file work-v1.cif (mmCIF, C-alpha atoms)
data_model
loop_
_atom_site.label_atom_id
_atom_site.label_comp_id
_atom_site.auth_asym_id
_atom_site.auth_seq_id
_atom_site.Cartn_x
_atom_site.Cartn_y
_atom_site.Cartn_z
CA MET A 14 0.00 0.00 0.00
CA ALA A 15 1.40 3.38 -1.02
CA PRO A 16 1.71 5.83 1.85
CA ASN A 17 -0.29 9.02 1.98
CA GLN A 18 1.23 12.47 2.31
CA LYS A 19 0.74 12.53 6.09
CA ALA A 20 2.59 9.22 6.46
CA VAL A 21 5.48 10.51 4.33
CA GLU A 22 5.68 13.65 6.49
CA TRP A 23 5.87 11.51 9.62
CA GLN A 24 8.47 9.21 8.03
CA THR A 25 10.54 12.22 6.96
CA ASN A 26 10.54 13.55 10.51
CA GLU A 27 11.64 10.18 11.90
CA ILE A 28 14.44 9.85 9.34
CA ILE A 29 15.74 13.35 10.09
CA LYS A 30 15.83 12.57 13.82
CA TYR A 31 18.07 9.58 13.08
CA LEU A 32 20.19 11.53 10.61
CA LEU A 33 20.99 14.20 13.16
CA GLU A 34 21.19 11.90 16.17
CA ASP A 35 24.35 12.57 18.13
CA GLU A 36 26.80 9.98 16.84
CA ASP A 37 28.58 9.96 20.20
CA VAL A 38 25.48 8.50 21.86
CA ASP A 39 25.66 4.75 22.47
CA SER A 40 23.10 3.30 20.06
CA CYS A 41 22.02 0.70 22.63
CA SER A 42 21.39 3.15 25.43
CA PRO A 43 17.77 3.86 26.39
CA CYS A 44 18.39 7.54 25.61
CA SER A 45 19.27 6.77 22.00
CA MET A 46 16.59 7.21 19.37
CA SER A 47 17.86 3.98 17.77
CA TYR A 48 16.51 2.11 20.77
CA LEU A 49 12.95 3.36 20.35
CA GLU A 50 10.32 2.01 17.99
CA THR A 51 7.32 4.15 17.18
CA ASP A 52 4.14 3.49 15.26
CA GLY A 53 3.41 5.68 12.28
CA PRO A 54 0.13 7.23 11.26
CA THR A 55 -2.50 5.37 9.25
CA GLY A 56 -1.18 4.73 5.76
CA SER A 57 2.39 4.29 6.94
CA ASP A 58 4.45 1.44 5.50
CA ASP A 59 5.16 -1.47 7.87
CA ASN A 60 8.51 -1.97 6.10
CA PHE A 61 9.58 1.54 7.05
CA ASP A 62 12.87 1.55 8.97
CA ALA A 63 13.95 5.12 9.73
CA ALA A 64 17.37 4.09 11.04
CA GLN A 65 18.18 2.07 7.92
CA ILE A 66 17.07 4.84 5.56
CA ALA A 67 18.94 7.46 7.59
CA GLY A 68 22.07 5.31 7.40
CA LYS A 69 21.88 5.19 3.60
CA LEU A 70 21.24 8.92 3.39
CA ARG A 71 24.09 9.59 5.82
CA SER A 72 26.56 7.64 3.70
CA ILE A 73 25.72 9.42 0.44
CA ALA A 74 25.49 12.82 2.10
CA ASP A 75 28.78 12.51 3.96
CA SER A 76 30.52 12.03 0.63
CA LEU A 77 29.98 15.76 0.00
CA ASN A 78 31.83 16.87 3.14
CA ASP A 79 35.22 17.07 1.44
CA ASN A 80 33.93 18.89 -1.62
CA VAL A 81 35.48 22.38 -1.62
CA ALA A 82 32.52 24.01 -3.38
CA PHE A 83 30.09 22.39 -0.95
CA ARG A 84 32.14 23.61 2.03
CA ALA A 85 32.06 27.14 0.58
CA ALA A 86 28.27 26.89 0.24
CA VAL A 87 28.02 25.78 3.88
CA ASN A 88 30.05 28.81 4.96
CA GLU A 89 27.69 31.05 2.97
CA PHE A 90 24.75 29.35 4.67
CA LYS A 91 26.23 30.08 8.10
CA LYS A 92 26.60 33.75 7.19
CA GLU A 93 22.99 33.95 5.98
CA ALA A 94 21.69 31.97 8.95
CA ALA A 95 23.44 34.33 11.36
CA HIS A 96 20.83 36.90 10.36
CA GLY A 97 18.09 34.63 11.71
CA ALA A 98 16.47 33.37 8.50
CA ILE A 99 17.64 29.77 8.78
CA GLU A 100 14.88 28.20 6.68
CA ALA A 101 15.36 30.69 3.83
CA ALA A 102 19.15 30.31 4.01
CA PHE A 103 18.86 26.52 4.00
CA SER A 104 16.57 26.50 0.98
CA HIS A 105 18.72 29.01 -0.89
CA THR A 106 21.93 27.09 -0.19
CA VAL A 107 20.54 23.69 -1.18
CA LYS A 108 19.11 25.02 -4.43
CA ALA A 109 22.30 26.97 -5.25
CA VAL A 110 24.47 23.88 -4.72
CA CYS A 111 22.14 21.76 -6.87
CA GLN A 112 22.11 24.35 -9.66
CA SER A 113 25.90 24.52 -9.63
CA GLY A 114 26.01 20.80 -10.36
CA VAL A 115 29.26 20.52 -8.41
CA PRO A 116 28.61 17.45 -6.25
CA HIS A 117 26.33 15.58 -8.64
CA SER A 118 26.52 13.27 -11.56
CA PRO A 119 24.50 14.48 -14.56
CA ASP A 120 22.47 11.25 -14.60
CA VAL A 121 21.14 11.68 -11.03
CA SER A 122 17.55 12.88 -10.85
CA PRO A 123 16.96 16.46 -9.65
CA GLU A 124 14.92 15.13 -6.73
CA LEU A 125 17.78 12.95 -5.52
CA GLN A 126 20.16 15.86 -5.94
CA LEU A 127 17.91 17.98 -3.69
CA LEU A 128 17.65 15.14 -1.17
CA LYS A 129 21.39 14.42 -1.07
CA THR A 130 22.31 18.09 -0.79
CA SER A 131 19.72 18.91 1.89
CA VAL A 132 20.82 15.93 4.00
CA ALA A 133 24.50 16.81 3.57
CA LEU A 134 23.92 20.45 4.49
CA GLY A 135 21.76 19.57 7.49
CA ARG A 136 24.26 17.05 8.85
CA LEU A 137 27.26 19.32 8.38
CA VAL A 138 25.53 22.29 10.01
CA ALA A 139 24.28 20.17 12.91
CA LYS A 140 27.80 18.83 13.49
CA SER A 141 29.58 22.16 13.18
CA CYS A 142 26.93 24.24 15.00
CA PRO A 143 25.33 21.97 17.63
CA ASP A 144 23.35 24.92 19.01
CA LEU A 145 21.42 24.98 15.70
CA ARG A 146 20.56 21.25 15.76
CA ALA A 147 16.90 21.67 16.77
CA GLN A 148 16.38 24.39 14.19
CA VAL A 149 18.09 22.27 11.53
CA VAL A 150 15.72 19.35 12.27
CA ASP A 151 12.69 21.61 11.76
CA THR A 152 14.22 23.28 8.69
CA MET A 153 15.20 20.01 7.01
CA ASN A 154 11.79 18.53 7.73
CA ALA A 155 10.01 21.55 6.23
CA PHE A 156 12.33 21.70 3.20
CA ILE A 157 12.11 18.00 2.34
CA THR A 158 8.36 17.83 2.94
CA ARG A 159 7.68 20.94 0.87
CA ASN A 160 10.08 20.21 -2.00
CA LEU A 161 10.14 16.41 -2.11
CA GLY A 162 7.14 15.10 -0.14
CA GLY A 163 4.92 14.70 -3.20
CA TRP A 164 7.70 13.01 -5.15
CA ILE A 165 8.48 10.62 -2.27
CA THR A 166 4.79 9.74 -2.04
CA GLN A 167 4.64 9.12 -5.82
CA GLN A 168 7.63 6.78 -5.57
CA GLY A 169 5.74 4.68 -3.00
CA GLY A 170 7.27 6.21 0.13
CA TRP A 171 10.71 6.22 1.70
CA PRO A 172 11.18 2.41 1.75
CA LYS A 173 10.70 2.28 -2.03
CA LEU A 174 13.25 4.96 -2.88
CA ILE A 175 16.54 3.98 -4.42
CA ILE A 176 18.84 6.44 -2.69
CA SER A 177 22.20 5.12 -3.75
CA GLY A 178 22.77 8.36 -5.63
CA VAL A 179 22.68 6.76 -9.06
CA THR A 180 19.00 6.64 -9.99
CA PRO A 181 18.73 7.79 -13.60
CA LYS A 182 16.75 10.88 -14.52
CA GLY A 183 13.21 10.33 -15.64
CA ASN A 184 10.66 7.95 -14.25
CA ALA A 185 12.73 5.87 -11.87
CA THR A 186 9.78 3.58 -11.11
CA ASP A 187 9.88 2.27 -14.69
CA ARG A 188 13.47 1.11 -14.25
CA ARG A 189 13.34 -0.84 -11.00
CA ASP A 190 11.37 -3.50 -9.27
CA ASP A 191 10.63 -3.34 -5.59
CA ALA A 192 12.70 -6.44 -4.86
CA ALA A 193 15.77 -4.67 -6.26
CA SER A 194 15.35 -1.65 -4.01
CA PRO A 195 18.29 -1.46 -1.60
CA LEU A 196 15.93 -0.30 1.11
CA SER A 197 13.22 -2.92 0.71
CA ARG A 198 15.54 -5.94 0.59
CA GLN A 199 17.55 -5.07 3.70
CA LYS A 200 14.67 -5.09 6.17
CA THR A 201 15.45 -7.61 8.89
#
call {"tool": "encode", "arguments": {"input": "work-v1.cif", "output": "structure tokens"}}
result
Amino acid sequence: MAPNQKAVEWQTNEIIKYLLEDEDVDSCSPCSMSYLETDGPTGSDDNFDAAQIAGKLRSIADSLNDNVAFRAAVNEFKKEAAHGAIEAAFSHTVKAVCQSGVPHSPDVSPELQLLKTSVALGRLVAKSCPDLRAQVVDTMNAFITRNLGGWITQQGGWPKLIISGVTPKGNATDRRDDAASPLSRQKT
């Protein structure tokens, strides 16, 4: 069953919590979000695993950390965010990085470029400015929901996305079967 928009919003929020979870926290401790299991809203996918999806997003997003142009964009974001408009600065920075094409292969869909860049920016800002972590969670959630929520829903929800960073442009659902999805086959 395909998730509805509300389920995708909830899933997005859960994934972002895992993405920005303090990596110094012991993942088995009761205080760790990795230890908790929550039920989603009606229409949510039972195969949804926020920690697994966050892990995949983390690995593709962290690959941007050493990119000089991306680092420069992050510094520009910090300057803009210092004036208090974090959501506007986040949106502007993500879109500017995607338009520059610097960290992306030309055969990666624009939606995946937005996703990869927004996750990379959010993680890097949360790590380098821990005092902004709560605001980054809200900002990332709003940005992804607003700019990618409909697309994620159309793809069948987060568990159906192929987020390896190499999904071809165009209708990705025509080129894959659900059994081949890296997210759907790794559910344990």
call {"tool": "closest_residue", "arguments": {"input": "work-v1.cif", "among": "A:Gly163, A:Pro172, A:Gly97, A:Pro143", "to": "Ala63 of chain A", "atoms": "only C-alpha atoms"}}
result
A:Pro172
call {"tool": "resolve_selection", "arguments": {"input": "work-v1.cif", "expression": "the PyMOL selection byres ((chain A and resi 104-112) around 8)", "output": "list in words"}}
result
Phe83, Ala86, Val87, Glu89, Phe90, Glu100, Ala101, Ala102, Phe103, Ser113, Gly114, Val115, Pro116, His117, Pro123, Gln126, Leu127, Thr130, Ser131, Leu134 and Phe156 of chain A
call {"tool": "write_last_selection", "arguments": {"input": "work-v1.cif", "atoms": "C-alpha atoms", "output": "PDB file, in the frame of the given file"}}
result
ATOM      1  CA  PHE A  83      30.090  22.390  -0.950  1.00  0.00           C
ATOM      2  CA  ALA A  86      28.270  26.890   0.240  1.00  0.00           C
ATOM      3  CA  VAL A  87      28.020  25.780   3.880  1.00  0.00           C
ATOM      4  CA  GLU A  89      27.690  31.050   2.970  1.00  0.00           C
ATOM      5  CA  PHE A  90      24.750  29.350   4.670  1.00  0.00           C
ATOM      6  CA  GLU A 100      14.880  28.200   6.680  1.00  0.00           C
ATOM      7  CA  ALA A 101      15.360  30.690   3.830  1.00  0.00           C
ATOM      8  CA  ALA A 102      19.150  30.310   4.010  1.00  0.00           C
ATOM      9  CA  PHE A 103      18.860  26.520   4.000  1.00  0.00           C
ATOM     10  CA  SER A 113      25.900  24.520  -9.630  1.00  0.00           C
ATOM     11  CA  GLY A 114      26.010  20.800 -10.360  1.00  0.00           C
ATOM     12  CA  VAL A 115      29.260  20.520  -8.410  1.00  0.00           C
ATOM     13  CA  PRO A 116      28.610  17.450  -6.250  1.00  0.00           C
ATOM     14  CA  HIS A 117      26.330  15.580  -8.640  1.00  0.00           C
ATOM     15  CA  PRO A 123      16.960  16.460  -9.650  1.00  0.00           C
ATOM     16  CA  GLN A 126      20.160  15.860  -5.940  1.00  0.00           C
ATOM     17  CA  LEU A 127      17.910  17.980  -3.690  1.00  0.00           C
ATOM     18  CA  THR A 130      22.310  18.090  -0.790  1.00  0.00           C
ATOM     19  CA  SER A 131      19.720  18.910   1.890  1.00  0.00           C
ATOM     20  CA  LEU A 134      23.920  20.450   4.490  1.00  0.00           C
ATOM     21  CA  PHE A 156      12.330  21.700   3.200  1.00  0.00           C
TER      22      PHE A 156
END
call {"tool": "atom_distance", "arguments": {"input": "work-v1.cif", "atom1": "atom CA of Gly68 of chain A", "atom2": "atom CA of Leu32 of chain A"}}
result
7.2 Å
call {"tool": "atom_distance", "arguments": {"input": "work-v1.cif", "atom1": "atom CA of Arg136 of chain A", "atom2": "atom CA of Asn80 of chain A"}}
result
14.4 Å
call {"tool": "atom_distance", "arguments": {"input": "work-v1.cif", "atom1": "atom CA of Glu124 of chain A", "atom2": "atom CA of Ala95 of chain A"}}
result
27.7 Å
call {"tool": "closest_residue", "arguments": {"input": "work-v1.cif", "among": "A:Leu128, A:Ile175, A:Ser72, A:Lys140", "to": "Gly162 of chain A", "atoms": "all atoms listed in the file"}}
result
A:Leu128
call {"tool": "resolve_selection", "arguments": {"input": "work-v1.cif", "expression": "the PyMOL selection byres ((chain A and resi 24) around 9)", "output": "list of chain:residue names"}}
result
A:Lys19, A:Ala20, A:Val21, A:Glu22, A:Trp23, A:Thr25, A:Asn26, A:Glu27, A:Ile28, A:Ile29, A:Gly53, A:Ser57, A:Phe61, A:Asp62, A:Ala63, A:Gly170, A:Trp171
call {"tool": "closest_residue", "arguments": {"input": "work-v1.cif", "among": "A:Asn17, A:Leu77, A:Ile99, A:Asp120", "to": "Asp151 of chain A", "atoms": "only C-alpha atoms"}}
result
A:Ile99
call {"tool": "residues_around", "arguments": {"input": "work-v1.cif", "residues": "Asn78 of chain A", "least_positions_apart": "6", "cutoff": "9 Å", "atoms": "all atoms listed in the file", "output": "list of chain:residue names"}}
result
A:Arg84, A:Ala133, A:Leu134, A:Leu137
call {"tool": "closest_residue", "arguments": {"input": "work-v1.cif", "among": "A:Ala147, A:Ala67, A:Leu125, A:Leu33", "to": "Leu161 of chain A", "atoms": "all atoms listed in the file"}}
result
A:Leu125
call {"tool": "build_atoms", "arguments": {"input": "work-v1.cif", "residues": "segment 63-83 of chain A", "atoms": "N, CA, C and O atoms", "output": "PDB file, in the coordinates of the input"}}
result
ATOM      1  N   ALA A  63      13.329   3.798   9.759  1.00  0.00           N
ATOM      2  CA  ALA A  63      13.950   5.120   9.730  1.00  0.00           C
ATOM      3  C   ALA A  63      15.459   5.052   9.907  1.00  0.00           C
ATOM      4  O   ALA A  63      16.203   5.766   9.238  1.00  0.00           O
ATOM      5  N   ALA A  64      15.925   4.186  10.790  1.00  0.00           N
ATOM      6  CA  ALA A  64      17.370   4.090  11.040  1.00  0.00           C
ATOM      7  C   ALA A  64      18.110   3.593   9.803  1.00  0.00           C
ATOM      8  O   ALA A  64      19.178   4.104   9.461  1.00  0.00           O
ATOM      9  N   GLN A  65      17.548   2.614   9.124  1.00  0.00           N
ATOM     10  CA  GLN A  65      18.180   2.070   7.920  1.00  0.00           C
ATOM     11  C   GLN A  65      18.225   3.121   6.809  1.00  0.00           C
ATOM     12  O   GLN A  65      19.256   3.305   6.155  1.00  0.00           O
ATOM     13  N   ILE A  66      17.129   3.816   6.589  1.00  0.00           N
ATOM     14  CA  ILE A  66      17.070   4.840   5.560  1.00  0.00           C
ATOM     15  C   ILE A  66      18.024   5.984   5.902  1.00  0.00           C
ATOM     16  O   ILE A  66      18.755   6.474   5.045  1.00  0.00           O
ATOM     17  N   ALA A  67      18.027   6.391   7.159  1.00  0.00           N
ATOM     18  CA  ALA A  67      18.940   7.460   7.590  1.00  0.00           C
ATOM     19  C   ALA A  67      20.391   7.042   7.369  1.00  0.00           C
ATOM     20  O   ALA A  67      21.216   7.859   6.959  1.00  0.00           O
ATOM     21  N   GLY A  68      20.704   5.798   7.623  1.00  0.00           N
ATOM     22  CA  GLY A  68      22.070   5.310   7.400  1.00  0.00           C
ATOM     23  C   GLY A  68      22.478   5.422   5.941  1.00  0.00           C
ATOM     24  O   GLY A  68      23.597   5.834   5.624  1.00  0.00           O
ATOM     25  N   LYS A  69      21.587   5.070   5.037  1.00  0.00           N
ATOM     26  CA  LYS A  69      21.880   5.190   3.600  1.00  0.00           C
ATOM     27  C   LYS A  69      22.049   6.651   3.211  1.00  0.00           C
ATOM     28  O   LYS A  69      22.966   7.002   2.471  1.00  0.00           O
ATOM     29  N   LEU A  70      21.141   7.495   3.694  1.00  0.00           N
ATOM     30  CA  LEU A  70      21.240   8.920   3.390  1.00  0.00           C
ATOM     31  C   LEU A  70      22.525   9.507   3.957  1.00  0.00           C
ATOM     32  O   LEU A  70      23.182  10.325   3.320  1.00  0.00           O
ATOM     33  N   ARG A  71      22.871   9.096   5.159  1.00  0.00           N
ATOM     34  CA  ARG A  71      24.090   9.590   5.820  1.00  0.00           C
ATOM     35  C   ARG A  71      25.317   9.255   4.980  1.00  0.00           C
ATOM     36  O   ARG A  71      26.184  10.106   4.771  1.00  0.00           O
ATOM     37  N   SER A  72      25.376   8.044   4.456  1.00  0.00           N
ATOM     38  CA  SER A  72      26.560   7.640   3.700  1.00  0.00           C
ATOM     39  C   SER A  72      26.688   8.412   2.387  1.00  0.00           C
ATOM     40  O   SER A  72      27.794   8.805   2.018  1.00  0.00           O
ATOM     41  N   ILE A  73      25.587   8.663   1.688  1.00  0.00           N
ATOM     42  CA  ILE A  73      25.720   9.420   0.440  1.00  0.00           C
ATOM     43  C   ILE A  73      25.931  10.904   0.712  1.00  0.00           C
ATOM     44  O   ILE A  73      26.636  11.579  -0.027  1.00  0.00           O
ATOM     45  N   ALA A  74      25.340  11.397   1.780  1.00  0.00           N
ATOM     46  CA  ALA A  74      25.490  12.820   2.100  1.00  0.00           C
ATOM     47  C   ALA A  74      26.888  13.140   2.605  1.00  0.00           C
ATOM     48  O   ALA A  74      27.452  14.180   2.251  1.00  0.00           O
ATOM     49  N   ASP A  75      27.450  12.255   3.402  1.00  0.00           N
ATOM     50  CA  ASP A  75      28.780  12.510   3.960  1.00  0.00           C
ATOM     51  C   ASP A  75      29.859  12.545   2.881  1.00  0.00           C
ATOM     52  O   ASP A  75      30.937  13.095   3.093  1.00  0.00           O
ATOM     53  N   SER A  76      29.552  11.989   1.724  1.00  0.00           N
ATOM     54  CA  SER A  76      30.520  12.030   0.630  1.00  0.00           C
ATOM     55  C   SER A  76      30.742  13.452   0.110  1.00  0.00           C
ATOM     56  O   SER A  76      31.737  13.730  -0.543  1.00  0.00           O
ATOM     57  N   LEU A  77      29.830  14.366   0.431  1.00  0.00           N
ATOM     58  CA  LEU A  77      29.980  15.760   0.000  1.00  0.00           C
ATOM     59  C   LEU A  77      30.868  16.578   0.942  1.00  0.00           C
ATOM     60  O   LEU A  77      31.316  17.664   0.575  1.00  0.00           O
ATOM     61  N   ASN A  78      31.112  16.081   2.124  1.00  0.00           N
ATOM     62  CA  ASN A  78      31.830  16.870   3.140  1.00  0.00           C
ATOM     63  C   ASN A  78      33.188  17.382   2.707  1.00  0.00           C
ATOM     64  O   ASN A  78      33.617  18.435   3.152  1.00  0.00           O
ATOM     65  N   ASP A  79      33.881  16.651   1.866  1.00  0.00           N
ATOM     66  CA  ASP A  79      35.220  17.070   1.440  1.00  0.00           C
ATOM     67  C   ASP A  79      35.213  17.908   0.169  1.00  0.00           C
ATOM     68  O   ASP A  79      36.263  18.353  -0.273  1.00  0.00           O
ATOM     69  N   ASN A  80      34.033  18.109  -0.397  1.00  0.00           N
ATOM     70  CA  ASN A  80      33.930  18.890  -1.620  1.00  0.00           C
ATOM     71  C   ASN A  80      34.126  20.374  -1.292  1.00  0.00           C
ATOM     72  O   ASN A  80      33.399  20.941  -0.476  1.00  0.00           O
ATOM     73  N   VAL A  81      35.121  20.995  -1.912  1.00  0.00           N
ATOM     74  CA  VAL A  81      35.480  22.380  -1.620  1.00  0.00           C
ATOM     75  C   VAL A  81      34.317  23.333  -1.904  1.00  0.00           C
ATOM     76  O   VAL A  81      34.016  24.223  -1.098  1.00  0.00           O
ATOM     77  N   ALA A  82      33.651  23.141  -3.021  1.00  0.00           N
ATOM     78  CA  ALA A  82      32.520  24.010  -3.380  1.00  0.00           C
ATOM     79  C   ALA A  82      31.375  23.854  -2.386  1.00  0.00           C
ATOM     80  O   ALA A  82      30.709  24.831  -2.032  1.00  0.00           O
ATOM     81  N   PHE A  83      31.148  22.620  -1.935  1.00  0.00           N
ATOM     82  CA  PHE A  83      30.090  22.390  -0.950  1.00  0.00           C
ATOM     83  C   PHE A  83      30.444  23.067   0.370  1.00  0.00           C
ATOM     84  O   PHE A  83      29.595  23.707   0.995  1.00  0.00           O
TER      85      PHE A  83
END
